[in-house]
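Source file my_file_38.txt; content: compact mmCIF, C-alpha atoms and all ligand atoms.
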# COMPACT_ATOMS: atom_id res chain seq x y z
CA MET A 7 27.95 2.79 1.97
CA GLU A 8 29.66 5.00 -0.56
CA ALA A 9 28.08 8.42 -0.41
CA SER A 10 28.45 10.79 -3.30
CA ALA A 11 26.84 14.06 -4.29
CA SER A 12 25.29 12.41 -7.31
CA SER A 13 23.70 9.52 -5.44
CA ASN A 14 20.04 9.37 -6.29
CA VAL A 15 17.05 8.65 -4.12
CA THR A 16 17.09 4.94 -4.89
CA GLU A 17 20.63 4.65 -3.59
CA ASP A 18 19.75 6.65 -0.51
CA ARG A 19 16.95 4.21 0.23
CA GLU A 20 19.42 1.35 0.21
CA GLY A 21 21.72 3.07 2.67
CA VAL A 22 22.09 1.73 6.17
CA GLY A 23 21.54 3.70 9.33
CA GLU A 24 20.17 6.92 7.95
CA THR A 25 16.60 8.08 8.25
CA VAL A 26 14.69 6.47 5.43
CA LEU A 27 12.43 8.78 3.51
CA TYR A 28 10.04 7.05 1.19
CA THR A 29 8.89 10.16 -0.62
CA ASP A 30 10.80 11.20 -3.67
CA ARG A 31 11.32 14.95 -3.73
CA ASN A 32 11.24 14.90 -7.51
CA GLU A 33 7.88 13.26 -7.58
CA ALA A 34 5.08 15.79 -8.12
CA ARG A 35 2.51 13.60 -6.46
CA PRO A 36 3.71 10.97 -4.01
CA GLN A 37 1.96 7.66 -4.37
CA GLY A 38 -1.69 7.85 -3.40
CA VAL A 39 -1.43 11.24 -1.71
CA ASP A 40 -3.50 14.12 -3.04
CA LEU A 41 -1.34 17.12 -2.15
CA LYS A 42 -3.80 19.66 -3.53
CA ARG A 43 -6.60 18.39 -1.31
CA ILE A 44 -4.37 18.56 1.76
CA GLU A 45 -3.38 22.11 0.82
CA ALA A 46 -7.02 23.15 0.53
CA ALA A 47 -7.82 21.54 3.87
CA VAL A 48 -4.91 23.24 5.67
CA ARG A 49 -5.95 26.58 4.22
CA GLU A 50 -9.45 25.90 5.53
CA ILE A 51 -8.12 25.11 9.01
CA LEU A 52 -6.06 28.31 9.10
CA ASP A 53 -9.13 30.24 8.09
CA ALA A 54 -11.29 28.43 10.66
CA VAL A 55 -8.96 29.24 13.58
CA GLY A 56 -9.16 32.93 12.66
CA GLU A 57 -5.91 33.27 10.76
CA ASP A 58 -5.40 34.95 7.42
CA PRO A 59 -4.09 32.21 5.08
CA ASP A 60 -3.02 34.92 2.63
CA ARG A 61 -0.60 36.72 4.91
CA GLU A 62 3.00 36.43 3.85
CA GLY A 63 4.19 33.99 6.50
CA LEU A 64 1.41 31.51 5.77
CA LEU A 65 1.40 31.59 1.99
CA GLU A 66 3.59 28.52 1.57
CA THR A 67 2.32 26.71 4.67
CA PRO A 68 -0.47 24.60 3.10
CA ALA A 69 1.88 23.23 0.44
CA ARG A 70 4.57 22.58 3.03
CA VAL A 71 2.16 20.73 5.33
CA ALA A 72 0.90 18.68 2.37
CA ARG A 73 4.44 17.52 1.58
CA MET A 74 5.05 16.78 5.24
CA TYR A 75 1.92 14.60 5.45
CA ALA A 76 2.95 12.76 2.30
CA GLU A 77 6.22 11.96 4.05
CA MET A 78 4.71 11.11 7.44
CA PHE A 79 2.12 8.76 5.90
CA ALA A 80 4.29 7.25 3.20
CA GLY A 81 4.12 3.81 4.83
CA LEU A 82 0.36 3.56 4.33
CA LYS A 83 0.54 2.13 0.82
CA HIS A 84 3.30 -0.37 1.46
CA ASP A 85 3.50 -3.85 2.90
CA ALA A 86 6.25 -3.37 5.47
CA GLY A 87 6.84 -7.12 5.45
CA ARG A 88 8.48 -6.90 2.03
CA HIS A 89 11.70 -5.82 3.76
CA LEU A 90 11.83 -9.27 5.34
CA SER A 91 11.53 -11.22 2.09
CA LYS A 92 15.28 -11.69 1.66
CA VAL A 93 16.51 -14.06 4.33
CA PHE A 94 19.76 -15.90 4.84
CA THR A 95 20.13 -19.45 6.04
CA GLU A 96 22.24 -19.49 9.22
CA LYS A 97 22.81 -22.06 11.94
CA TYR A 98 22.77 -19.29 14.56
CA ASP A 99 19.92 -20.02 16.95
CA GLU A 100 20.45 -17.56 19.81
CA ILE A 101 18.85 -14.17 20.35
CA VAL A 102 19.32 -11.49 17.71
CA LEU A 103 18.63 -8.05 19.17
CA VAL A 104 18.60 -4.62 17.56
CA ARG A 105 18.14 -1.94 20.16
CA ASP A 106 17.33 1.78 19.94
CA ILE A 107 15.78 1.97 16.50
CA SER A 108 14.46 5.52 16.47
CA PHE A 109 11.08 6.23 14.94
CA CYS A 110 8.63 9.05 14.46
CA SER A 111 4.97 8.24 14.00
CA MET A 112 1.65 10.09 14.03
CA CYS A 113 -0.94 9.43 16.69
CA GLU A 114 -4.15 8.70 14.83
CA HIS A 115 -6.32 10.29 17.51
CA HIS A 116 -4.81 13.77 17.33
CA LEU A 117 -2.54 13.71 14.27
CA LEU A 118 0.33 14.73 16.50
CA PRO A 119 3.70 13.01 16.42
CA PHE A 120 4.91 10.44 18.89
CA THR A 121 8.61 9.71 18.82
CA GLY A 122 10.79 7.17 20.46
CA THR A 123 12.76 3.98 20.04
CA ALA A 124 11.94 0.39 19.22
CA HIS A 125 13.90 -2.64 20.35
CA ILE A 126 13.49 -5.85 18.38
CA ALA A 127 14.68 -9.30 19.35
CA TYR A 128 14.03 -12.62 17.70
CA LEU A 129 15.10 -16.23 17.98
CA PRO A 130 15.82 -17.50 14.48
CA SER A 131 14.82 -20.94 13.27
CA GLY A 132 17.47 -21.22 10.57
CA LYS A 133 16.61 -17.94 8.87
CA VAL A 134 18.08 -14.53 9.62
CA VAL A 135 17.51 -11.18 7.99
CA GLY A 136 19.79 -8.21 7.38
CA LEU A 137 19.78 -6.12 10.57
CA SER A 138 18.96 -2.85 8.80
CA LYS A 139 15.79 -4.50 7.45
CA LEU A 140 14.37 -4.59 10.96
CA ALA A 141 14.83 -0.83 11.15
CA ARG A 142 13.10 -0.44 7.79
CA VAL A 143 10.09 -2.39 9.03
CA VAL A 144 9.80 -0.09 12.05
CA GLU A 145 10.18 2.99 9.86
CA GLU A 146 7.46 1.94 7.49
CA VAL A 147 4.99 0.73 10.09
CA ALA A 148 5.49 4.08 11.87
CA ARG A 149 4.79 6.16 8.77
CA ARG A 150 1.02 6.03 8.91
CA PRO A 151 -1.72 7.16 11.29
CA GLN A 152 -0.90 4.93 14.22
CA VAL A 153 -1.31 3.96 17.83
CA GLN A 154 1.77 2.68 19.61
CA GLU A 155 0.08 -0.52 20.77
CA ARG A 156 -0.83 -1.56 17.23
CA MET A 157 2.52 -0.51 15.87
CA THR A 158 4.28 -2.80 18.37
CA GLU A 159 2.01 -5.74 17.51
CA THR A 160 2.34 -5.22 13.77
CA VAL A 161 6.14 -5.29 13.90
CA ALA A 162 6.08 -8.45 16.05
CA ASP A 163 3.57 -10.16 13.72
CA LEU A 164 5.60 -9.42 10.62
CA ILE A 165 8.82 -10.76 12.09
CA GLU A 166 7.19 -13.86 13.53
CA LYS A 167 5.51 -14.78 10.27
CA ARG A 168 8.10 -13.78 7.70
CA LEU A 169 11.08 -15.27 9.53
CA ASP A 170 9.33 -18.24 11.14
CA ALA A 171 11.02 -16.99 14.29
CA ARG A 172 10.77 -19.23 17.36
CA GLY A 173 10.36 -16.15 19.49
CA VAL A 174 9.88 -12.42 18.93
CA ALA A 175 10.06 -9.56 21.42
CA VAL A 176 9.29 -6.00 20.42
CA VAL A 177 9.44 -3.16 22.94
CA CYS A 178 8.60 0.43 21.98
CA GLU A 179 9.16 3.49 24.15
CA ALA A 180 7.77 6.82 23.02
CA THR A 181 6.82 10.30 24.02
CA HIS A 182 3.44 11.41 22.72
CA SER A 183 2.98 15.04 21.79
CA CYS A 184 -0.74 14.70 22.48
CA MET A 185 0.13 14.06 26.13
CA THR A 186 2.95 16.58 26.48
CA MET A 187 1.58 19.57 24.55
CA ARG A 188 -2.13 19.39 25.16
CA GLY A 189 -4.68 17.66 27.41
CA VAL A 190 -2.96 16.55 30.61
CA ARG A 191 0.34 18.22 29.57
CA LYS A 192 2.80 15.83 31.12
CA PRO A 193 6.19 16.43 29.54
CA GLY A 194 8.65 13.62 30.10
CA SER A 195 6.06 10.87 30.36
CA LEU A 196 7.08 7.79 28.43
CA CYS A 197 4.73 5.19 27.01
CA VAL A 198 6.16 1.66 26.88
CA THR A 199 4.52 -1.15 24.94
CA SER A 200 5.70 -4.69 24.38
CA SER A 201 4.68 -7.61 22.26
CA MET A 202 5.99 -11.11 22.96
CA ARG A 203 5.61 -14.06 20.61
CA GLY A 204 6.52 -17.73 20.69
CA VAL A 205 9.13 -18.72 23.24
CA PHE A 206 9.30 -15.22 24.73
CA ARG A 207 5.60 -15.33 25.46
CA GLU A 208 5.43 -18.89 26.74
CA ASP A 209 8.63 -19.20 28.74
CA SER A 210 9.22 -16.75 31.57
CA ARG A 211 12.98 -17.42 31.70
CA SER A 212 13.41 -16.67 27.99
CA ARG A 213 11.31 -13.54 28.42
CA ALA A 214 13.42 -12.41 31.38
CA GLU A 215 16.58 -13.02 29.36
CA VAL A 216 15.44 -10.96 26.38
CA LEU A 217 14.06 -8.15 28.53
CA GLY A 218 17.38 -8.10 30.39
CA LEU A 219 19.24 -7.62 27.10
CA ILE A 220 16.82 -4.92 25.96
CA ASN A 221 16.99 -3.03 29.25
CA ARG A 222 20.77 -3.24 29.54
CA GLY A 223 21.03 -0.18 27.32
CA ALA A 224 18.48 1.83 29.29
ZN ZN A 301 -2.98 11.27 20.61

Is it possible to express this structure as structure tokens?
Amino acid sequence: MEASASSNVTEDREGVGETVLYTDRNEARPQGVDLKRIEAAVREILDAVGEDPDREGLLETPARVARMYAEMFAGLKHDAGRHLSKVFTEKYDEIVLVRDISFCSMCEHHLLPFTGTAHIAYLPSGKVVGLSKLARVVEEVARRPQVQERMTETVADLIEKRLDARGVAVVCEATHSCMTMRGVRKPGSLCVTSSMRGVFREDSRSRAEVLGLINRGA
């Protein structure tokens, strides 16, 4: 992709490989997100924990947190499957795998981030999709209050249905702040979830093959 100082947000969104931000910095109110209400709520929380929301260091915090939430939850209003609407007809009928797609999501139980990587494999049935589109699906499904289990299933469902894939395997590995910072406080613990569809679910040899490819990079 040609990068230039004048490239606008729309062009950035079409780029490949970079972190995709769905909020437009020039937009006063991102789609469906009430920044002022978030600001008021954050101010209330600061007050409730015994802080002084009016001290210098905290003055800009509510507005900053509001913009951050707008960014973190930007996937809520979108159908992530739309990234899979443009497909190409190809004879290729072996495994397509994209490994190590990084993501950052928000655990819906604590509103704390969980971060990690997703690995996506599918067996096409005559239709393939641009590889970066798989990363966009992950990005958008992650950008909402989430649990890792559902996130994994949602990505697998979308790929199975939109591509008519004969098999889909999605594996997500993530570290959850709610486990490392609070509660049991177990830094380094990794949560792994997988969702198998079609051939990868039904046939143990196909499943072993795809898991072998996914784990080769581990
Ligand atoms: Zn949590």

Taking a cut-off of 7 Å and counting only C-alpha atoms and all ligand atoms, can you build a table that, for each residue of chain A near ligand ZN 301 (chain A), reports the nearest atom pair and how far apart they are in Å (one decimal), sorted by chain then residue number, as a Markdown table?
| residue | atom | partner | partner_atom | distance |
| --- | --- | --- | --- | --- |
| A:Cys113 | CA | A:ZN301 | ZN | 4.8 |
| A:Glu114 | CA | A:ZN301 | ZN | 6.4 |
| A:His115 | CA | A:ZN301 | ZN | 4.7 |
| A:His116 | CA | A:ZN301 | ZN | 4.5 |
| A:Leu117 | CA | A:ZN301 | ZN | 6.8 |
| A:Leu118 | CA | A:ZN301 | ZN | 6.3 |
| A:His182 | CA | A:ZN301 | ZN | 6.8 |
| A:Cys184 | CA | A:ZN301 | ZN | 4.5 |
| A:Met185 | CA | A:ZN301 | ZN | 6.9 |

Please, which residues are within 9 Å of (9.4, 9.1, 25.6) by the file's coordinates, counting all atoms listed in the file, and could they come as a ChimeraX atom specification? /A:120-123,179-182,193-198

Residue with smallest distance to Thr95 (chain A) - pool A:Ser131, A:Thr158, A:Ser200, A:Ser108, counting only C-alpha atoms: A:Ser131

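The shortest atom-to-atom distance to Ala86 (chain A), with all atoms listed in the file taken into account, belongs to A:Leu140 out of A:Ala214, A:Val205, A:Leu41, A:Leu140.
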
For region 112-127 of chain A, take all atoms listed in the file, fit an axis-aligned box around them, add 4 Å to each of the six sides, then output centre and edge lengths in Å rounded to one decimal, as JSON.
{"center_x": 4.2, "center_y": 2.7, "center_z": 17.2, "size_x": 29.0, "size_y": 32.0, "size_z": 14.4}

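As for CA of Ala76 (chain A) and CA of Glu155 (chain A), they are spaced 22.9 Å apart.
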
Within 12 Å of Arg207 (chain A), counting all atoms listed in the file, which residues show up once you throw out same-chain ones fewer than 5 positions away? Write them as an MDAnalysis selection string, please. chainID A and resid 128 162 172:176 200:202 212:217

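Those residues that approach Arg49 (chain A) to within 10 Å, counting only C-alpha atoms, are Arg43, Ile44, Ala54, Glu57, Asp58, Pro59, Asp60, Leu64, Leu65, Thr67, Pro68 and Ala69 of chain A; same-chain residues fewer than 5 positions away are not listed.
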
Pick out the closest residue to Arg203 (chain A) from this set: A:Val93, A:Met112, A:Ile165, A:Leu103. Count all atoms listed in the file. A:Ile165

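Minimum atom-to-atom distance to Met78 (chain A), evaluated using only C-alpha atoms, belongs to A:Val39 out of A:Cys178, A:Ala127, A:Val55, A:Val39.
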
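Pairwise distance (CA of Gly136 (chain A), CA of Gln152 (chain A)) equals 25.4 Å.
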
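Using only C-alpha atoms, the nearest neighbour of Lys97 (chain A) within the list A:Glu159, A:Arg191, A:Leu129, A:Leu52 is A:Leu129.
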
When distances are computed from only C-alpha atoms, which of A:Leu82, A:Ile126, A:Leu90, A:Leu169 shows the smallest separation from Gln37 (chain A)? A:Leu82

Just add N, CA and C atoms to region 124-143 of chain A and send it as an mmCIF file, in the coordinates of the input.
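Produced file part-v2.cif, reproduced below:
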data_model
loop_
_atom_site.group_PDB
_atom_site.id
_atom_site.type_symbol
_atom_site.label_atom_id
_atom_site.label_comp_id
_atom_site.auth_asym_id
_atom_site.auth_seq_id
_atom_site.Cartn_x
_atom_site.Cartn_y
_atom_site.Cartn_z
ATOM 1 N N ALA A 124 12.448 1.771 19.208
ATOM 2 C CA ALA A 124 11.940 0.390 19.220
ATOM 3 C C ALA A 124 13.129 -0.544 19.415
ATOM 4 N N HIS A 125 12.888 -1.612 20.148
ATOM 5 C CA HIS A 125 13.900 -2.640 20.350
ATOM 6 C C HIS A 125 13.288 -3.955 19.836
ATOM 7 N N ILE A 126 14.018 -4.635 18.988
ATOM 8 C CA ILE A 126 13.490 -5.850 18.380
ATOM 9 C C ILE A 126 14.429 -7.010 18.630
ATOM 10 N N ALA A 127 13.890 -8.086 19.165
ATOM 11 C CA ALA A 127 14.680 -9.300 19.350
ATOM 12 C C ALA A 127 13.934 -10.474 18.749
ATOM 13 N N TYR A 128 14.677 -11.387 18.162
ATOM 14 C CA TYR A 128 14.030 -12.620 17.700
ATOM 15 C C TYR A 128 14.973 -13.804 17.845
ATOM 16 N N LEU A 129 14.354 -14.967 17.910
ATOM 17 C CA LEU A 129 15.100 -16.230 17.980
ATOM 18 C C LEU A 129 14.918 -16.914 16.640
ATOM 19 N N PRO A 130 15.966 -16.952 15.829
ATOM 20 C CA PRO A 130 15.820 -17.500 14.480
ATOM 21 C C PRO A 130 15.582 -19.009 14.501
ATOM 22 N N SER A 131 14.936 -19.483 13.454
ATOM 23 C CA SER A 131 14.820 -20.940 13.270
ATOM 24 C C SER A 131 15.462 -21.265 11.932
ATOM 25 N N GLY A 132 16.737 -20.928 11.811
ATOM 26 C CA GLY A 132 17.470 -21.220 10.570
ATOM 27 C C GLY A 132 17.477 -20.091 9.570
ATOM 28 N N LYS A 133 16.652 -19.064 9.803
ATOM 29 C CA LYS A 133 16.610 -17.940 8.870
ATOM 30 C C LYS A 133 16.885 -16.628 9.594
ATOM 31 N N VAL A 134 17.832 -15.861 9.068
ATOM 32 C CA VAL A 134 18.080 -14.530 9.620
ATOM 33 C C VAL A 134 17.901 -13.508 8.516
ATOM 34 N N VAL A 135 17.744 -12.255 8.950
ATOM 35 C CA VAL A 135 17.510 -11.180 7.990
ATOM 36 C C VAL A 135 18.548 -10.094 8.227
ATOM 37 N N GLY A 136 18.855 -9.319 7.200
ATOM 38 C CA GLY A 136 19.790 -8.210 7.380
ATOM 39 C C GLY A 136 19.305 -7.290 8.489
ATOM 40 N N LEU A 137 20.197 -6.873 9.384
ATOM 41 C CA LEU A 137 19.780 -6.120 10.570
ATOM 42 C C LEU A 137 19.092 -4.803 10.209
ATOM 43 N N SER A 138 19.565 -4.141 9.163
ATOM 44 C CA SER A 138 18.960 -2.850 8.800
ATOM 45 C C SER A 138 17.523 -3.034 8.337
ATOM 46 N N LYS A 139 17.167 -4.265 7.912
ATOM 47 C CA LYS A 139 15.790 -4.500 7.450
ATOM 48 C C LYS A 139 14.806 -4.378 8.596
ATOM 49 N N LEU A 140 15.262 -4.723 9.801
ATOM 50 C CA LEU A 140 14.370 -4.590 10.960
ATOM 51 C C LEU A 140 14.040 -3.118 11.186
ATOM 52 N N ALA A 141 15.051 -2.268 11.003
ATOM 53 C CA ALA A 141 14.830 -0.830 11.150
ATOM 54 C C ALA A 141 13.880 -0.315 10.068
ATOM 55 N N ARG A 142 13.994 -0.879 8.876
ATOM 56 C CA ARG A 142 13.100 -0.440 7.790
ATOM 57 C C ARG A 142 11.651 -0.814 8.074
ATOM 58 N N VAL A 143 11.454 -1.983 8.681
ATOM 59 C CA VAL A 143 10.090 -2.390 9.030
ATOM 60 C C VAL A 143 9.498 -1.395 10.024
#
